[in-house]
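Notes for the one structure printed next.
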Amino acid sequence: MNSQQLKEEIRRLAKERNALIMAHFYQRDEIQDIADVAGDSLAMAIEAAQTERQVIVLCGVHFMAESAAILAPDKTVLLPRTDAGCPMADMVEVDKLREMKARLPGRPVVTYVNSSAAVKAESDICCTSANAVKVVNSLEADEVILVPDRNLGRYIAANTDKKCYFWEGFCPFHDQLPEEDVMAAKEAHPDALFLAHPECRPQILAMADYVASTSGIIDYVGKSSAKKFIIGTEQGILYRLRKENPDKEFIMPNSLLFCKTMKYITLEEILHCLQTLSPQVTVPKDVADGARKALERMLAVPRD
């Protein structure tokens, strides 16, 4: 089948299966195009918790499918590629987190959703880049542990009065964005605004005209009178930006803002997923119960 035939068959089968197709903004263009819901991690978590569909096809990475399975325990959650993981999430081991908690007793653990269910189960509350500061400021404690992204952690610390302890994890492609590439893009396009994701290093954020999550960047561009933007996050976001703002120009500072595992899923794999109702993602009850508490506490806090 060609691309259009694949899309038509996916839509037909999704309706037959009573399935909701969700895709992250970093997915391939054609995957976002076929999705019922395209969004950031927070939007997908909210939709998973609220949907009445019986099947959820999660087009993203493994931790996102786990979150959907935790928040929608009565649904069938499918991940077309189970090897689609997150390097940042893999930087946290439960035993090491327990050791950190023992060294810093009484400090609540605020865990970025880019983490495994087992790590979430060891946490007090989760956050996304869209609500991280509000989550931290919602806590009564004066000191917090932030896991796993050191860059998001330092962004939070710059926007709160609380003392923050960081886990030394990071997103490889955001963390490696060089200042010289951003500066070169700004010099080549002096009329462009630079928008950066808080997973970037503090040196990059200091160069930004605006710092926000993927959804925050999309909202900002839609409301801005500016016509040109340098984008400091994964290039998959360009699909939505261009679709919603055909009169505006978007520049990537380099070709390195590319998450390989976010591009694993294809239309063929979504179709196979719907045909076989596999691979299914489940979370053991003892882990899910703890992780659900942290996720539900997060959902009770509005995004930034």
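As shown in the structure tokens, the chain order sets the letters A, B, ...; within each chain, residues go from 1, and ligands are also counted from 1 in the order they appear.
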Within 12 Å of segment 128-132 of chain A, counting only C-alpha atoms, which residues show up once you throw out same-chain ones fewer than 4 positions away? Write them as a PDB file with N, CA and C atoms, in the first residue's frame, please.
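Just written: result.pdb:
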```pdb
ATOM      1  N   GLY A  39       0.352  15.822  20.642  1.00  0.00           N
ATOM      2  CA  GLY A  39       0.607  16.720  21.754  1.00  0.00           C
ATOM      3  C   GLY A  39       1.911  16.439  22.451  1.00  0.00           C
ATOM      4  N   ASP A  40       2.122  17.146  23.565  1.00  0.00           N
ATOM      5  CA  ASP A  40       3.301  16.906  24.394  1.00  0.00           C
ATOM      6  C   ASP A  40       2.971  15.812  25.406  1.00  0.00           C
ATOM      7  N   SER A  41       3.923  15.515  26.276  1.00  0.00           N
ATOM      8  CA  SER A  41       3.731  14.433  27.243  1.00  0.00           C
ATOM      9  C   SER A  41       2.542  14.684  28.164  1.00  0.00           C
ATOM     10  N   LEU A  42       2.362  15.947  28.566  1.00  0.00           N
ATOM     11  CA  LEU A  42       1.264  16.275  29.471  1.00  0.00           C
ATOM     12  C   LEU A  42      -0.083  16.097  28.776  1.00  0.00           C
ATOM     13  N   ALA A  43      -0.191  16.583  27.546  1.00  0.00           N
ATOM     14  CA  ALA A  43      -1.448  16.458  26.804  1.00  0.00           C
ATOM     15  C   ALA A  43      -1.815  14.996  26.598  1.00  0.00           C
ATOM     16  N   MET A  44      -0.818  14.163  26.300  1.00  0.00           N
ATOM     17  CA  MET A  44      -1.108  12.748  26.073  1.00  0.00           C
ATOM     18  C   MET A  44      -1.509  12.056  27.372  1.00  0.00           C
ATOM     19  N   ALA A  45      -0.881  12.436  28.477  1.00  0.00           N
ATOM     20  CA  ALA A  45      -1.252  11.859  29.776  1.00  0.00           C
ATOM     21  C   ALA A  45      -2.688  12.219  30.131  1.00  0.00           C
ATOM     22  N   ILE A  46      -3.047  13.485  29.910  1.00  0.00           N
ATOM     23  CA  ILE A  46      -4.414  13.929  30.204  1.00  0.00           C
ATOM     24  C   ILE A  46      -5.411  13.180  29.330  1.00  0.00           C
ATOM     25  N   MET A  64       6.126   6.969  27.754  1.00  0.00           N
ATOM     26  CA  MET A  64       4.815   7.558  27.466  1.00  0.00           C
ATOM     27  C   MET A  64       3.730   6.492  27.451  1.00  0.00           C
ATOM     28  N   VAL A 110      10.561  15.207  42.821  1.00  0.00           N
ATOM     29  CA  VAL A 110       9.783  15.665  41.665  1.00  0.00           C
ATOM     30  C   VAL A 110      10.432  15.054  40.424  1.00  0.00           C
ATOM     31  N   THR A 111       9.708  14.174  39.767  1.00  0.00           N
ATOM     32  CA  THR A 111      10.279  13.419  38.652  1.00  0.00           C
ATOM     33  C   THR A 111       9.645  13.817  37.329  1.00  0.00           C
ATOM     34  N   TYR A 112      10.484  14.178  36.407  1.00  0.00           N
ATOM     35  CA  TYR A 112      10.072  14.477  35.033  1.00  0.00           C
ATOM     36  C   TYR A 112       9.419  13.227  34.442  1.00  0.00           C
ATOM     37  N   VAL A 113       8.381  13.407  33.658  1.00  0.00           N
ATOM     38  CA  VAL A 113       7.701  12.232  33.099  1.00  0.00           C
ATOM     39  C   VAL A 113       8.605  11.427  32.179  1.00  0.00           C
ATOM     40  N   ASN A 114       9.705  12.001  31.735  1.00  0.00           N
ATOM     41  CA  ASN A 114      10.684  11.264  30.936  1.00  0.00           C
ATOM     42  C   ASN A 114      11.463  10.312  31.839  1.00  0.00           C
ATOM     43  N   SER A 115      10.765   9.323  32.361  1.00  0.00           N
ATOM     44  CA  SER A 115      11.328   8.382  33.326  1.00  0.00           C
ATOM     45  C   SER A 115      10.488   7.120  33.322  1.00  0.00           C
ATOM     46  N   VAL A 136       6.633  22.322  41.214  1.00  0.00           N
ATOM     47  CA  VAL A 136       7.577  22.536  42.315  1.00  0.00           C
ATOM     48  C   VAL A 136       7.048  23.595  43.283  1.00  0.00           C
ATOM     49  N   ASN A 137       6.510  24.672  42.761  1.00  0.00           N
ATOM     50  CA  ASN A 137       5.998  25.733  43.633  1.00  0.00           C
ATOM     51  C   ASN A 137       4.726  25.334  44.374  1.00  0.00           C
ATOM     52  N   SER A 138       4.065  24.265  43.921  1.00  0.00           N
ATOM     53  CA  SER A 138       2.860  23.801  44.604  1.00  0.00           C
ATOM     54  C   SER A 138       3.175  23.022  45.878  1.00  0.00           C
ATOM     55  N   LEU A 139       4.438  22.638  46.048  1.00  0.00           N
ATOM     56  CA  LEU A 139       4.830  21.828  47.205  1.00  0.00           C
ATOM     57  C   LEU A 139       5.145  22.721  48.406  1.00  0.00           C
ATOM     58  N   LEU A 146      15.105  16.905  42.171  1.00  0.00           N
ATOM     59  CA  LEU A 146      14.602  16.958  40.802  1.00  0.00           C
ATOM     60  C   LEU A 146      15.283  15.880  39.954  1.00  0.00           C
ATOM     61  N   VAL A 147      14.462  15.015  39.360  1.00  0.00           N
ATOM     62  CA  VAL A 147      14.950  13.845  38.623  1.00  0.00           C
ATOM     63  C   VAL A 147      14.232  13.782  37.271  1.00  0.00           C
ATOM     64  N   PRO A 148      14.886  13.364  36.161  1.00  0.00           N
ATOM     65  CA  PRO A 148      16.312  13.083  36.018  1.00  0.00           C
ATOM     66  C   PRO A 148      17.074  14.171  35.269  1.00  0.00           C
ATOM     67  N   ASP A 149      16.392  15.201  34.741  1.00  0.00           N
ATOM     68  CA  ASP A 149      17.042  16.130  33.821  1.00  0.00           C
ATOM     69  C   ASP A 149      17.669  17.313  34.547  1.00  0.00           C
ATOM     70  N   ASN A 151      19.170  19.826  33.277  1.00  0.00           N
ATOM     71  CA  ASN A 151      18.909  21.105  32.605  1.00  0.00           C
ATOM     72  C   ASN A 151      17.517  21.639  32.943  1.00  0.00           C
ATOM     73  N   LEU A 152      16.507  20.778  32.885  1.00  0.00           N
ATOM     74  CA  LEU A 152      15.183  21.194  33.336  1.00  0.00           C
ATOM     75  C   LEU A 152      15.249  21.577  34.814  1.00  0.00           C
ATOM     76  N   GLY A 153      16.041  20.822  35.582  1.00  0.00           N
ATOM     77  CA  GLY A 153      16.199  21.124  37.002  1.00  0.00           C
ATOM     78  C   GLY A 153      16.762  22.513  37.237  1.00  0.00           C
ATOM     79  N   ARG A 154      17.749  22.890  36.497  1.00  0.00           N
ATOM     80  CA  ARG A 154      18.352  24.223  36.669  1.00  0.00           C
ATOM     81  C   ARG A 154      17.405  25.316  36.184  1.00  0.00           C
ATOM     82  N   TYR A 155      16.608  25.013  35.171  1.00  0.00           N
ATOM     83  CA  TYR A 155      15.581  25.968  34.732  1.00  0.00           C
ATOM     84  C   TYR A 155      14.546  26.162  35.838  1.00  0.00           C
ATOM     85  N   ILE A 156      14.126  25.079  36.472  1.00  0.00           N
ATOM     86  CA  ILE A 156      13.179  25.178  37.592  1.00  0.00           C
ATOM     87  C   ILE A 156      13.797  25.999  38.721  1.00  0.00           C
ATOM     88  N   ALA A 157      15.045  25.676  39.054  1.00  0.00           N
ATOM     89  CA  ALA A 157      15.721  26.360  40.167  1.00  0.00           C
ATOM     90  C   ALA A 157      15.803  27.861  39.937  1.00  0.00           C
ATOM     91  N   ALA A 158      15.938  28.274  38.684  1.00  0.00           N
ATOM     92  CA  ALA A 158      16.021  29.702  38.362  1.00  0.00           C
ATOM     93  C   ALA A 158      14.669  30.398  38.490  1.00  0.00           C
ATOM     94  N   ASN A 159      13.610  29.593  38.607  1.00  0.00           N
ATOM     95  CA  ASN A 159      12.260  30.161  38.658  1.00  0.00           C
ATOM     96  C   ASN A 159      11.503  29.795  39.935  1.00  0.00           C
ATOM     97  N   THR A 160      12.249  29.418  40.980  1.00  0.00           N
ATOM     98  CA  THR A 160      11.633  29.108  42.266  1.00  0.00           C
ATOM     99  C   THR A 160      12.554  29.548  43.391  1.00  0.00           C
ATOM    100  N   ALA A 196      13.567  28.238  22.841  1.00  0.00           N
ATOM    101  CA  ALA A 196      14.321  27.087  23.325  1.00  0.00           C
ATOM    102  C   ALA A 196      13.525  26.263  24.322  1.00  0.00           C
ATOM    103  N   HIS A 197      13.794  24.976  24.316  1.00  0.00           N
ATOM    104  CA  HIS A 197      13.180  24.031  25.255  1.00  0.00           C
ATOM    105  C   HIS A 197      14.023  23.979  26.527  1.00  0.00           C
ATOM    106  N   PRO A 198      13.396  23.870  27.713  1.00  0.00           N
ATOM    107  CA  PRO A 198      14.176  23.872  28.960  1.00  0.00           C
ATOM    108  C   PRO A 198      15.061  22.647  29.167  1.00  0.00           C
ATOM    109  N   GLU A 199      15.022  21.670  28.257  1.00  0.00           N
ATOM    110  CA  GLU A 199      15.984  20.568  28.323  1.00  0.00           C
ATOM    111  C   GLU A 199      17.346  20.997  27.777  1.00  0.00           C
ATOM    112  N   CYS A 200      17.417  22.189  27.177  1.00  0.00           N
ATOM    113  CA  CYS A 200      18.708  22.724  26.726  1.00  0.00           C
ATOM    114  C   CYS A 200      19.516  23.223  27.922  1.00  0.00           C
ATOM    115  N   VAL A 211      11.520  30.677  26.476  1.00  0.00           N
ATOM    116  CA  VAL A 211      11.790  29.290  26.870  1.00  0.00           C
ATOM    117  C   VAL A 211      10.467  28.619  27.197  1.00  0.00           C
ATOM    118  N   ALA A 212      10.223  27.461  26.596  1.00  0.00           N
ATOM    119  CA  ALA A 212       8.944  26.794  26.833  1.00  0.00           C
ATOM    120  C   ALA A 212       9.008  25.346  26.384  1.00  0.00           C
ATOM    121  N   SER A 213       8.006  24.582  26.818  1.00  0.00           N
ATOM    122  CA  SER A 213       7.817  23.207  26.363  1.00  0.00           C
ATOM    123  C   SER A 213       7.436  23.204  24.884  1.00  0.00           C
ATOM    124  N   THR A 214       7.305  22.034  24.297  1.00  0.00           N
ATOM    125  CA  THR A 214       6.902  21.960  22.886  1.00  0.00           C
ATOM    126  C   THR A 214       5.547  22.639  22.674  1.00  0.00           C
ATOM    127  N   SER A 215       4.590  22.334  23.526  1.00  0.00           N
ATOM    128  CA  SER A 215       3.271  22.956  23.386  1.00  0.00           C
ATOM    129  C   SER A 215       3.354  24.460  23.622  1.00  0.00           C
ATOM    130  N   GLY A 216       4.215  24.873  24.558  1.00  0.00           N
ATOM    131  CA  GLY A 216       4.398  26.291  24.830  1.00  0.00           C
ATOM    132  C   GLY A 216       5.003  27.024  23.648  1.00  0.00           C
ATOM    133  N   ILE A 217       5.955  26.389  22.972  1.00  0.00           N
ATOM    134  CA  ILE A 217       6.563  26.984  21.779  1.00  0.00           C
ATOM    135  C   ILE A 217       5.510  27.140  20.677  1.00  0.00           C
ATOM    136  N   ILE A 218       4.707  26.115  20.473  1.00  0.00           N
ATOM    137  CA  ILE A 218       3.660  26.162  19.444  1.00  0.00           C
ATOM    138  C   ILE A 218       2.656  27.272  19.749  1.00  0.00           C
ATOM    139  N   ASP A 219       2.247  27.378  20.998  1.00  0.00           N
ATOM    140  CA  ASP A 219       1.303  28.432  21.387  1.00  0.00           C
ATOM    141  C   ASP A 219       1.905  29.818  21.176  1.00  0.00           C
ATOM    142  N   ALA A 294       1.847   9.645  41.774  1.00  0.00           N
ATOM    143  CA  ALA A 294       2.720  10.745  41.359  1.00  0.00           C
ATOM    144  C   ALA A 294       2.177  11.431  40.108  1.00  0.00           C
ATOM    145  N   LEU A 295       1.643  10.657  39.172  1.00  0.00           N
ATOM    146  CA  LEU A 295       1.097  11.225  37.942  1.00  0.00           C
ATOM    147  C   LEU A 295      -0.191  12.000  38.220  1.00  0.00           C
ATOM    148  N   ARG A 297      -1.088  13.425  40.994  1.00  0.00           N
ATOM    149  CA  ARG A 297      -0.748  14.682  41.682  1.00  0.00           C
ATOM    150  C   ARG A 297      -0.298  15.731  40.672  1.00  0.00           C
ATOM    151  N   MET A 298       0.452  15.297  39.655  1.00  0.00           N
ATOM    152  CA  MET A 298       0.876  16.205  38.603  1.00  0.00           C
ATOM    153  C   MET A 298      -0.309  16.751  37.821  1.00  0.00           C
ATOM    154  N   LEU A 299      -1.256  15.891  37.483  1.00  0.00           N
ATOM    155  CA  LEU A 299      -2.401  16.307  36.672  1.00  0.00           C
ATOM    156  C   LEU A 299      -3.296  17.303  37.407  1.00  0.00           C
ATOM    157  N   ALA A 300      -3.176  17.334  38.702  1.00  0.00           N
ATOM    158  CA  ALA A 300      -3.970  18.286  39.494  1.00  0.00           C
ATOM    159  C   ALA A 300      -3.371  19.693  39.470  1.00  0.00           C
ATOM    160  N   VAL A 301      -2.148  19.816  38.940  1.00  0.00           N
ATOM    161  CA  VAL A 301      -1.471  21.132  38.867  1.00  0.00           C
ATOM    162  C   VAL A 301      -1.563  21.637  37.443  1.00  0.00           C
ATOM    163  N   PRO A 302      -2.030  22.867  37.221  1.00  0.00           N
ATOM    164  CA  PRO A 302      -2.146  23.385  35.846  1.00  0.00           C
ATOM    165  C   PRO A 302      -0.786  23.593  35.209  1.00  0.00           C
ATOM    166  N   ARG A 303      -0.744  23.528  33.876  1.00  0.00           N
ATOM    167  CA  ARG A 303       0.520  23.757  33.167  1.00  0.00           C
ATOM    168  C   ARG A 303       0.899  25.224  33.258  1.00  0.00           C
ATOM    169  N   ASP A 304       2.208  25.518  33.019  1.00  0.00           N
ATOM    170  CA  ASP A 304       2.705  26.896  33.053  1.00  0.00           C
ATOM    171  C   ASP A 304       2.054  27.718  31.948  1.00  0.00           C
TER     172      ASP A 304
END
```
Worksheet item: Within 9 Å of Arg240 of chain A, counting only C-alpha atoms, which residues qualify if same-chain residues fewer than 2 places away don't, as a ChimeraX atom specification?
Response: /A:25,29,32,38,218,236-238,242-245
Written selection (C-alpha atoms) as a PDB file, in the first residue's frame:
```
ATOM      1  CA  PHE A  25       5.145  16.342  18.524  1.00  0.00           C
ATOM      2  CA  ASP A  29       5.160  14.093   9.998  1.00  0.00           C
ATOM      3  CA  GLN A  32       1.302  13.219  13.508  1.00  0.00           C
ATOM      4  CA  ALA A  38      -0.937  15.102  18.728  1.00  0.00           C
ATOM      5  CA  ILE A 218       3.660  26.162  19.444  1.00  0.00           C
ATOM      6  CA  GLY A 236       9.646  17.001  14.614  1.00  0.00           C
ATOM      7  CA  ILE A 237       7.907  20.089  16.035  1.00  0.00           C
ATOM      8  CA  LEU A 238       8.278  21.759  12.622  1.00  0.00           C
ATOM      9  CA  ARG A 242       4.394  24.926   9.658  1.00  0.00           C
ATOM     10  CA  LYS A 243       0.886  23.485   9.477  1.00  0.00           C
ATOM     11  CA  GLU A 244      -0.539  26.098  11.849  1.00  0.00           C
ATOM     12  CA  ASN A 245       1.629  29.009  10.637  1.00  0.00           C
TER      13      ASN A 245
END
```
Find the spatial neighbours of segment 267-276 of chain A, counting only C-alpha atoms, within a cut-off of 12 Å - ignore same-chain residues fewer than 5 positions away - and output them as a PDB file with C-alpha atoms, in the first residue's frame.
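Output saved as selection.pdb:
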```pdb
ATOM      1  CA  MET A   1       0.000   0.000   0.000  1.00  0.00           C
ATOM      2  CA  ASN A   2       1.097   3.562  -0.619  1.00  0.00           C
ATOM      3  CA  SER A   3       1.064   6.198   2.111  1.00  0.00           C
ATOM      4  CA  GLN A   4      -2.495   7.350   1.452  1.00  0.00           C
ATOM      5  CA  GLN A   5      -3.833   3.780   1.380  1.00  0.00           C
ATOM      6  CA  LEU A   6      -2.041   3.051   4.650  1.00  0.00           C
ATOM      7  CA  LYS A   7      -3.604   6.094   6.286  1.00  0.00           C
ATOM      8  CA  GLU A   8      -7.086   5.143   5.076  1.00  0.00           C
ATOM      9  CA  GLU A   9      -6.732   1.578   6.343  1.00  0.00           C
ATOM     10  CA  ILE A  10      -5.373   2.803   9.700  1.00  0.00           C
ATOM     11  CA  ARG A  11      -8.352   5.143  10.109  1.00  0.00           C
ATOM     12  CA  ARG A  12     -10.791   2.389   9.179  1.00  0.00           C
ATOM     13  CA  LEU A  13      -9.258  -0.140  11.540  1.00  0.00           C
ATOM     14  CA  ALA A  14      -8.902   2.389  14.371  1.00  0.00           C
ATOM     15  CA  LYS A  15     -12.631   3.047  14.152  1.00  0.00           C
ATOM     16  CA  GLU A  16     -13.376  -0.672  14.113  1.00  0.00           C
ATOM     17  CA  ARG A  17     -11.125  -1.272  17.140  1.00  0.00           C
ATOM     18  CA  ASN A  18     -12.473   1.776  19.009  1.00  0.00           C
ATOM     19  CA  ALA A  19      -8.862   2.986  19.152  1.00  0.00           C
ATOM     20  CA  LEU A  20      -7.379   6.389  19.918  1.00  0.00           C
ATOM     21  CA  ILE A  21      -4.114   7.173  18.106  1.00  0.00           C
ATOM     22  CA  MET A  22      -1.887   9.562  20.043  1.00  0.00           C
ATOM     23  CA  ALA A  23       1.380  11.000  18.743  1.00  0.00           C
ATOM     24  CA  GLN A  27       7.058  11.892  15.735  1.00  0.00           C
ATOM     25  CA  ARG A  28       7.395  11.704  11.947  1.00  0.00           C
ATOM     26  CA  ASP A  29       5.160  14.093   9.998  1.00  0.00           C
ATOM     27  CA  GLU A  30       2.951  11.322   8.619  1.00  0.00           C
ATOM     28  CA  ILE A  31       2.445   9.880  12.107  1.00  0.00           C
ATOM     29  CA  GLN A  32       1.302  13.219  13.508  1.00  0.00           C
ATOM     30  CA  ASP A  33      -0.965  13.580  10.475  1.00  0.00           C
ATOM     31  CA  ILE A  34      -2.754  10.285  11.180  1.00  0.00           C
ATOM     32  CA  ALA A  35      -3.130  10.868  14.934  1.00  0.00           C
ATOM     33  CA  VAL A  55      -7.610   0.961  22.782  1.00  0.00           C
ATOM     34  CA  ILE A  56      -4.800   3.526  22.897  1.00  0.00           C
ATOM     35  CA  VAL A  57      -2.096   3.425  20.236  1.00  0.00           C
ATOM     36  CA  LEU A  58       0.769   5.466  21.672  1.00  0.00           C
ATOM     37  CA  CYS A  59       3.123   6.839  19.029  1.00  0.00           C
ATOM     38  CA  GLY A  60       6.029   7.990  21.137  1.00  0.00           C
ATOM     39  CA  THR A  76      -5.427  -1.715  26.025  1.00  0.00           C
ATOM     40  CA  VAL A  77      -2.292   0.389  25.462  1.00  0.00           C
ATOM     41  CA  LEU A  78      -0.231  -0.405  22.386  1.00  0.00           C
ATOM     42  CA  LEU A  79       3.265   0.816  21.498  1.00  0.00           C
ATOM     43  CA  PRO A  80       4.105   0.001  17.853  1.00  0.00           C
ATOM     44  CA  ARG A  81       7.839  -0.211  18.632  1.00  0.00           C
ATOM     45  CA  THR A  82       8.731  -1.440  22.120  1.00  0.00           C
ATOM     46  CA  VAL A 281       2.392  -2.248  27.298  1.00  0.00           C
TER      47      VAL A 281
END
```
Discussion item. If you run DSSP on the backbone here, which positions in segment 66-179 of chain A get strand (DSSP E or B)? Please write them as a ChimeraX atom specification.
Written reply: /A:76-78,109-112,125-127,143-147,149,163-166,169
Mind dumping a table of every segment 144-190 of chain A residue within 8 Å of segment 253-263 of chain A, with the nearest atom pair and its distance in Å to one decimal, using only C-alpha atoms, sorted by chain and rising number, as a Markdown table?
```
| residue | atom | partner | partner_atom | distance |
| --- | --- | --- | --- | --- |
| A:Phe173 | CA | A:Leu257 | CA | 5.4 |
| A:His174 | CA | A:Leu257 | CA | 6.7 |
| A:Leu177 | CA | A:Leu257 | CA | 7.4 |
| A:Asp181 | CA | A:Pro253 | CA | 5.6 |
| A:Val182 | CA | A:Pro253 | CA | 5.5 |
| A:Ala184 | CA | A:Pro253 | CA | 7.7 |
| A:Ala185 | CA | A:Pro253 | CA | 5.6 |
```
Print the selection's residues with C-alpha atoms to a file, as a compact mmCIF listing (two decimals), in the first residue's frame.
```txt
# COMPACT_ATOMS: atom_id res chain seq x y z
CA PHE A 173 20.26 16.06 21.61
CA HIS A 174 19.07 19.06 23.66
CA LEU A 177 23.20 21.99 21.14
CA ASP A 181 25.39 27.10 16.24
CA VAL A 182 22.70 29.18 17.93
CA ALA A 184 25.43 31.61 13.92
CA ALA A 185 21.70 31.19 13.31
```
Worksheet item: Could you name the residues that touch Lys163 of chain A at 8 Å or less, counting only C-alpha atoms, but leaving out those on the same chain fewer than 5 positions away, as a list in words?
Response: Asp142, Glu143, Val144 and Ala157 of chain A
Print the selection's residues with C-alpha atoms to a file, as a PDB file, in the first residue's frame.
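The resulting part23.pdb:
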```pdb
ATOM      1  CA  ASP A 142      11.494  24.314  50.982  1.00  0.00           C
ATOM      2  CA  GLU A 143      13.867  21.797  49.357  1.00  0.00           C
ATOM      3  CA  VAL A 144      13.185  19.335  46.528  1.00  0.00           C
ATOM      4  CA  ALA A 157      15.721  26.360  40.167  1.00  0.00           C
TER       5      ALA A 157
END
```
Item to complete: Quick one: pull the distance between atom CA of Ile265 of chain A and atom CA of Tyr239 of chain A, Å, one decimal.
Response: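 Going from atom CA of Ile265 of chain A over to atom CA of Tyr239 of chain A covers 16.0 Å.
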Worksheet item: Nearest to Lys285 of chain A among A:Asp36, A:Pro73, A:Ala49, A:His24, with distances taken over only C-alpha atoms: which residue is it?
Response: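 So, comparing all the options, the nearest one is A:Pro73.
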Discussion item. DSSP on the backbone, helix (DSSP H, G or I) only: what residues of segment 20-173 of chain A does that give? Format it as a count of residues only.
Written reply: 60
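A straight line drawn from atom CA of Val92 of chain A to atom CA of Thr266 of chain A is 28.3 Å long.
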Worksheet entry | Distance in Å - atom CA of Pro246 of chain A versus atom CA of Gly232 of chain A | 19.2 Å
